[in-house]
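Asks: This is the content of data10.cif (mmCIF, C-alpha atoms):
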data_upload
loop_
_atom_site.label_atom_id
_atom_site.label_comp_id
_atom_site.auth_asym_id
_atom_site.auth_seq_id
_atom_site.Cartn_x
_atom_site.Cartn_y
_atom_site.Cartn_z
CA MET A 1 144.76 137.95 115.08
CA LYS A 2 144.56 134.37 113.94
CA HIS A 3 144.74 133.87 110.24
CA THR A 4 144.21 130.39 108.89
CA PRO A 5 145.95 129.91 105.55
CA ALA A 6 146.52 126.60 103.70
CA ASN A 7 142.83 125.96 103.18
CA THR A 8 142.13 126.87 99.57
CA GLU A 9 138.37 126.84 99.96
CA SER A 10 137.75 129.30 102.73
CA VAL A 11 139.28 132.21 104.52
CA VAL A 12 138.93 132.38 108.29
CA VAL A 13 140.22 135.30 110.30
CA GLU A 14 139.69 135.51 114.05
CA CYS A 15 140.50 138.13 116.61
CA ASP A 16 139.63 139.38 120.07
CA LEU A 17 138.36 142.93 120.26
CA PRO A 18 138.11 145.06 123.43
CA ASP A 19 134.70 146.31 122.30
CA SER A 20 131.30 144.86 123.19
CA PRO A 21 129.46 142.61 120.72
CA GLU A 22 126.79 145.32 120.39
CA LYS A 23 129.36 147.90 119.38
CA VAL A 24 131.07 145.54 116.95
CA TRP A 25 127.66 144.74 115.49
CA ARG A 26 127.14 148.43 114.88
CA ALA A 27 130.48 148.70 113.08
CA LEU A 28 129.46 145.76 110.88
CA THR A 29 126.01 147.01 110.02
CA ASP A 30 126.02 150.81 110.04
CA ARG A 31 126.66 151.87 106.46
CA GLU A 32 128.69 154.94 107.44
CA LEU A 33 130.96 152.81 109.59
CA VAL A 34 131.12 149.96 107.06
CA ALA A 35 132.25 152.47 104.44
CA ARG A 36 135.23 153.29 106.64
CA TRP A 37 136.64 149.78 107.03
CA LEU A 38 135.11 147.78 104.18
CA MET A 39 133.40 149.61 101.32
CA PRO A 40 130.76 152.23 100.80
CA GLY A 41 127.36 150.70 100.25
CA ASP A 42 123.82 150.46 101.51
CA ILE A 43 123.96 147.53 103.91
CA ARG A 44 120.80 146.77 105.90
CA PRO A 45 121.04 144.00 108.51
CA GLU A 46 117.78 142.26 107.69
CA VAL A 47 117.44 138.77 106.32
CA GLY A 48 116.69 138.96 102.61
CA ALA A 49 117.84 142.57 102.27
CA ARG A 50 119.78 143.21 99.10
CA PHE A 51 122.56 145.72 99.18
CA GLN A 52 125.60 146.83 97.27
CA LEU A 53 129.21 147.27 98.21
CA ARG A 54 131.14 149.58 95.94
CA PRO A 55 134.84 148.90 95.57
CA THR A 56 136.91 152.06 95.59
CA ASP A 57 140.45 150.75 95.59
CA THR A 58 140.23 148.83 92.34
CA GLN A 59 142.77 149.07 89.58
CA LYS A 60 140.21 148.27 86.93
CA ALA A 61 139.53 150.92 84.33
CA GLY A 62 136.33 152.89 84.55
CA GLU A 63 133.69 152.73 87.23
CA PRO A 64 134.16 149.49 89.15
CA ALA A 65 131.09 147.31 89.26
CA PRO A 66 129.56 147.01 92.72
CA LEU A 67 129.25 143.75 94.61
CA GLN A 68 125.67 142.58 94.76
CA CYS A 69 124.91 141.23 98.20
CA GLU A 70 122.04 139.58 99.99
CA VAL A 71 121.74 139.18 103.75
CA LEU A 72 121.34 135.51 104.67
CA GLU A 73 121.42 135.83 108.45
CA ALA A 74 121.26 138.79 110.80
CA GLU A 75 121.23 138.11 114.51
CA PRO A 76 122.18 141.35 116.29
CA GLY A 77 125.32 141.03 118.37
CA ARG A 78 125.84 137.43 117.28
CA ARG A 79 125.89 136.66 113.58
CA LEU A 80 125.83 138.43 110.23
CA ARG A 81 125.99 136.50 107.01
CA TRP A 82 125.68 137.61 103.42
CA ARG A 83 126.15 136.22 99.97
CA GLN A 84 128.01 138.40 97.52
CA ARG A 85 128.32 138.31 93.76
CA GLU A 86 131.14 140.16 92.11
CA PRO A 87 132.17 140.39 88.50
CA ALA A 88 135.26 138.39 87.65
CA GLU A 89 137.96 140.37 85.96
CA SER A 90 138.59 140.42 82.20
CA ALA A 91 135.64 138.28 81.39
CA PRO A 92 134.14 138.40 77.92
CA ALA A 93 131.24 136.31 79.16
CA ARG A 94 129.36 137.58 82.16
CA VAL A 95 131.25 135.68 84.77
CA PHE A 96 130.76 136.28 88.44
CA ILE A 97 132.26 134.96 91.61
CA ASP A 98 129.73 134.16 94.28
CA SER A 99 130.81 133.72 97.86
CA VAL A 100 129.49 133.93 101.40
CA VAL A 101 130.83 136.12 104.20
CA THR A 102 129.99 135.26 107.81
CA PHE A 103 130.75 137.29 110.93
CA ASP A 104 130.39 135.39 114.19
CA LEU A 105 130.51 137.45 117.35
CA SER A 106 130.75 136.13 120.88
CA GLY A 107 131.26 137.89 124.17
CA ILE A 108 134.48 137.24 126.06
CA PRO A 109 135.30 137.85 129.75
CA GLY A 110 135.96 141.54 130.39
CA GLY A 111 133.26 142.68 127.99
CA GLY A 112 135.13 142.25 124.73
CA THR A 113 134.20 140.35 121.61
CA HIS A 114 135.67 137.40 119.84
CA LEU A 115 135.13 137.98 116.13
CA ARG A 116 135.42 135.26 113.55
CA VAL A 117 135.16 136.15 109.88
CA THR A 118 134.59 133.27 107.48
CA HIS A 119 134.62 133.82 103.75
CA ASP A 120 133.71 130.68 101.83
CA GLU A 121 131.39 128.98 99.35
CA PHE A 122 133.33 130.45 96.44
CA THR A 123 131.63 129.52 93.17
CA HIS A 124 131.90 130.62 89.59
CA CYS A 125 128.73 131.73 87.98
CA VAL A 126 128.58 132.20 84.22
CA VAL A 127 125.51 134.09 83.11
CA THR A 128 124.86 134.29 79.41
CA PRO A 129 123.38 137.67 78.58
CA ALA A 130 121.07 136.57 75.77
CA PRO A 131 119.09 133.48 74.78
CA VAL A 132 121.54 131.02 73.29
CA THR A 133 120.60 129.91 69.79
CA ALA A 134 122.73 126.80 70.01
CA LEU A 135 120.79 125.72 73.06
CA ARG A 136 117.52 126.33 71.35
CA ALA A 137 118.61 124.46 68.27
CA ARG A 138 119.44 121.26 70.04
CA VAL A 139 116.10 120.88 71.74
CA PRO A 140 113.53 119.00 69.63
CA THR A 141 110.91 121.65 70.26
CA ASP A 142 108.37 120.26 67.79
CA HIS A 143 107.75 117.37 70.18
CA MET A 144 107.13 119.67 73.06
CA PRO A 145 104.01 121.41 74.23
CA THR A 146 103.86 125.08 73.29
CA SER A 147 104.28 126.30 76.84
CA ARG A 148 107.53 124.38 77.27
CA ARG A 149 108.78 125.65 73.92
CA ARG A 150 108.40 129.20 75.07
CA VAL A 151 110.33 128.46 78.24
CA VAL A 152 113.18 126.90 76.28
CA SER A 153 113.56 129.76 73.85
CA ALA A 154 113.45 132.37 76.59
CA ARG A 155 116.11 130.57 78.54
CA HIS A 156 119.00 132.49 80.00
CA PRO A 157 121.25 129.67 81.06
CA VAL A 158 123.32 129.94 84.16
CA ILE A 159 126.29 127.64 84.28
CA MET A 160 127.73 126.97 87.67
CA LEU A 161 131.33 125.88 87.62
CA ARG A 162 131.59 123.86 90.76
CA LYS A 163 134.70 123.23 92.71
CA ALA A 164 136.29 119.86 92.21
CA ALA A 165 135.36 117.49 95.01
CA MET B 1 145.00 126.93 83.98
CA ILE B 2 144.49 130.63 83.67
CA GLU B 3 141.11 132.01 84.61
CA SER B 4 140.78 134.04 81.43
CA ASP B 5 141.21 130.86 79.36
CA ILE B 6 138.06 129.53 80.92
CA PHE B 7 136.19 132.69 80.15
CA ARG B 8 137.48 132.78 76.60
CA ALA B 9 136.49 129.17 76.08
CA LEU B 10 132.99 129.85 77.38
CA ALA B 11 132.49 133.14 75.57
CA ASP B 12 131.24 131.31 72.48
CA PRO B 13 127.56 130.36 72.91
CA THR B 14 127.82 127.04 71.06
CA ARG B 15 130.83 126.06 73.08
CA ARG B 16 129.03 127.02 76.24
CA ALA B 17 126.12 124.83 75.16
CA VAL B 18 128.50 121.93 74.47
CA PHE B 19 130.02 122.39 77.89
CA GLU B 20 126.64 122.53 79.56
CA ARG B 21 125.43 119.45 77.72
CA LEU B 22 128.51 117.45 78.68
CA SER B 23 128.05 118.38 82.31
CA ARG B 24 124.95 116.17 82.31
CA GLY B 25 126.86 113.06 81.32
CA GLU B 26 129.54 111.52 79.20
CA MET B 27 128.97 111.49 75.43
CA ASN B 28 130.78 110.71 72.23
CA VAL B 29 130.97 113.22 69.41
CA SER B 30 128.07 111.85 67.40
CA GLU B 31 125.79 111.74 70.46
CA LEU B 32 126.84 115.24 71.22
CA LYS B 33 126.36 116.41 67.65
CA SER B 34 122.74 115.28 67.41
CA GLY B 35 120.65 118.25 68.29
CA PHE B 36 123.23 120.86 67.41
CA SER B 37 122.83 122.53 64.06
CA VAL B 38 126.58 122.75 63.54
CA SER B 39 128.82 120.26 61.75
CA GLN B 40 130.77 117.50 63.44
CA PRO B 41 134.14 119.16 62.65
CA ALA B 42 132.82 122.31 64.31
CA ILE B 43 131.79 120.32 67.38
CA SER B 44 135.24 118.71 67.44
CA GLN B 45 136.81 122.13 67.29
CA HIS B 46 134.74 123.33 70.22
CA LEU B 47 135.67 120.20 72.13
CA SER B 48 139.35 120.79 71.54
CA ALA B 49 139.03 124.39 72.77
CA LEU B 50 137.19 123.20 75.86
CA LYS B 51 139.82 120.53 76.45
CA GLY B 52 142.53 123.15 76.04
CA ALA B 53 140.93 125.24 78.77
CA GLY B 54 140.65 122.18 80.98
CA LEU B 55 136.87 122.38 80.94
CA VAL B 56 136.29 119.03 79.23
CA SER B 57 138.17 115.78 79.49
CA GLU B 58 138.38 112.94 77.00
CA ARG B 59 138.30 109.22 77.70
CA ARG B 60 139.35 106.80 74.97
CA GLU B 61 137.87 103.35 74.72
CA GLY B 62 139.22 101.49 71.71
CA ARG B 63 138.42 103.60 68.68
CA HIS B 64 135.86 105.65 70.54
CA ALA B 65 136.35 108.83 72.48
CA TYR B 66 134.00 110.01 75.19
CA TYR B 67 133.79 113.48 76.61
CA ARG B 68 132.58 114.97 79.81
CA SER B 69 132.74 118.34 81.53
CA ASN B 70 135.24 118.72 84.30
CA PRO B 71 134.22 119.98 87.70
CA VAL B 72 136.68 122.78 87.17
CA GLY B 73 137.14 126.16 88.65
CA LEU B 74 139.15 125.14 91.68
CA ALA B 75 142.44 126.65 90.57
CA PRO B 76 141.03 130.04 89.52
CA LEU B 77 138.74 130.12 92.55
CA ALA B 78 141.78 129.45 94.68
CA ASP B 79 143.16 132.73 93.33
CA TRP B 80 140.10 134.53 94.67
CA VAL B 81 140.42 132.77 97.99
CA GLN B 82 144.05 133.90 98.09
CA LEU B 83 143.03 137.45 97.30
CA TYR B 84 140.63 137.45 100.23
CA GLN B 85 143.15 135.75 102.45
CA ALA B 86 145.24 138.88 102.03
CA ALA B 87 142.32 141.30 102.21
CA TRP B 88 140.52 140.20 105.39
CA PRO B 89 143.36 140.76 107.88
CA GLU B 90 143.78 144.28 106.44
CA ARG B 91 140.05 144.90 106.71
CA ILE B 92 140.02 143.70 110.30
CA GLU B 93 142.84 146.11 111.13
CA LYS B 94 140.77 148.93 109.64
CA LEU B 95 137.74 147.73 111.58
CA LYS B 96 139.76 147.93 114.80
CA ARG B 97 140.62 151.54 114.02
CA VAL B 98 136.98 152.34 113.30
CA LEU B 99 135.98 150.77 116.63
CA LYS B 100 138.58 152.89 118.40
CA ASP B 101 137.32 156.05 116.69
CA MET B 102 133.75 155.27 117.74
CA ASP B 103 134.75 155.98 121.35
CA ARG B 104 135.63 159.57 120.60
#
Spit out the file's structure as structure tokens when you get a sec.

Replies:
Amino acid sequence: MKHTPANTESVVVECDLPDSPEKVWRALTDRELVARWLMPGDIRPEVGARFQLRPTDTQKAGEPAPLQCEVLEAEPGRRLRWRQREPAESAPARVFIDSVVTFDLSGIPGGGTHLRVTHDEFTHCVVTPAPVTALRARVPTDHMPTSRRRVVSARHPVIMLRKAA
Amino acid sequence: MIESDIFRALADPTRRAVFERLSRGEMNVSELKSGFSVSQPAISQHLSALKGAGLVSERREGRHAYYRSNPVGLAPLADWVQLYQAAWPERIEKLKRVLKDMDR
């Protein structure tokens, strides 16, 4: 198994498996099988499908919050890609970590599979739970058309903390 | 910088608004203050908290100070990357066992 460290922005793990790409695909997309090596959840390998992964080995108190995932790519036997959003620990604000997991499968001589797992696009996402009065206050709403005013006051701002370039 | 410092700094809605506003461009305190219903000392206090968390940086030009949001998050995100760097090889080992069991 090749494990590429040093890069702080992505995780890449590669390995050769004796199993066919079709079989590996099944292990990546069948929820019973996924539960056995990753997490229980309701994965569905269709682009746009939303599913959850439920952490079981967490040390956090209480019921751990599930990862909210969305399938970005699903090409049977070749590529599976999803975006996941997970709550960051000990956050008083609603802070999430978004990231993207990609499985690339390719056949190798002898019928096996080369699997490459890439986990990247890590981003912070701060979601404020309620309309923010301070944000409302700073906008000169009296100069704005009514429709825009409504939009501003109903705003649930999302602040993305981007990685430094 | 500790991740929880960031979250603590952004837990206050006004501070979050200050941070968001400064991410659109550099401003001095009075530019920043216009539009907020809080006092200038309060704004300064929020700025110092944001600076303390590394979320905002200050640039001095003569007697004037300008503020802008930092493209932060790299250090704490690196912690997550590290976490997954440890997790994926373990997961792959489990996956291998699952694949083996599928033959039975």

Asks: What residues in chain B have any atom no more than 8 Å from chain A when counting all atoms listed in the file, and can you write them as a PyMOL selection string?

Replies: chain B and resi 4+7-8+10-11+13-14+17+20+34-37+71-74+77-78+81-82+84-85+88-89+91-92+94-96+98-99

Asks: Quick one: residues within 9 Å of Gly107 in chain A, all atoms listed in the file counted, chain neighbours fewer than 5 positions away excluded, as a PyMOL selection string?

Replies: chain A and resi 20-21+77-78+112-115

Asks: With distances taken over all atoms listed in the file, which of A:Val100, A:Val47, A:Ile108, A:Ala35 is nearest to Glu73 in chain A?

Replies: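 The answer is A:Val47, which sits nearest to Glu73 in chain A.
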
Asks: Can you list, as a compact mmCIF listing (two decimals) with C-alpha atoms, in the frame of the given file, the residues that the PyMOL selection byres ((chain B and resi 28) around 9) selects here?

Replies:
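The resulting part34.txt:
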# COMPACT_ATOMS: atom_id res chain seq x y z
CA GLU B 26 129.54 111.52 79.20
CA MET B 27 128.97 111.49 75.43
CA VAL B 29 130.97 113.22 69.41
CA SER B 30 128.07 111.85 67.40
CA GLU B 31 125.79 111.74 70.46
CA LEU B 32 126.84 115.24 71.22
CA LYS B 33 126.36 116.41 67.65
CA HIS B 64 135.86 105.65 70.54
CA ALA B 65 136.35 108.83 72.48
CA TYR B 66 134.00 110.01 75.19
CA TYR B 67 133.79 113.48 76.61
CA ARG B 68 132.58 114.97 79.81

Asks: How many Å lie between CA of Arg104 in chain B and CA of Pro45 in chain A, rounded to one decimal?

Replies: 24.5 Å

Asks: Provide the CA of Leu22 in chain B to CA of Ala9 in chain B distance in Å, to one decimal place.

Replies: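 Computed distance, CA of Leu22 in chain B to CA of Ala9 in chain B, equals 14.4 Å.
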
Asks: May I ask for the distance between CA of Val71 in chain A and CA of Thr56 in chain A, given in Å to one decimal place?

Replies: 21.5 Å

Asks: For each of B:Val18, B:Val38, B:Asp12, B:Asn70, take the minimum atom-to-atom distance to Val56 in chain B, counting only C-alpha atoms, then give the residue where this is smallest.

Replies: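 Checking each candidate against Val56 in chain B, we get B:Asn70 as the closest.
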
Asks: Between B:Lys100, B:Ile43, B:Ala49, B:Leu55, which has the minimum distance to Ser69 in chain B (counting only C-alpha atoms)?

Replies: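 When distances to Ser69 in chain B are compared using only C-alpha atoms, the smallest one comes from B:Leu55.
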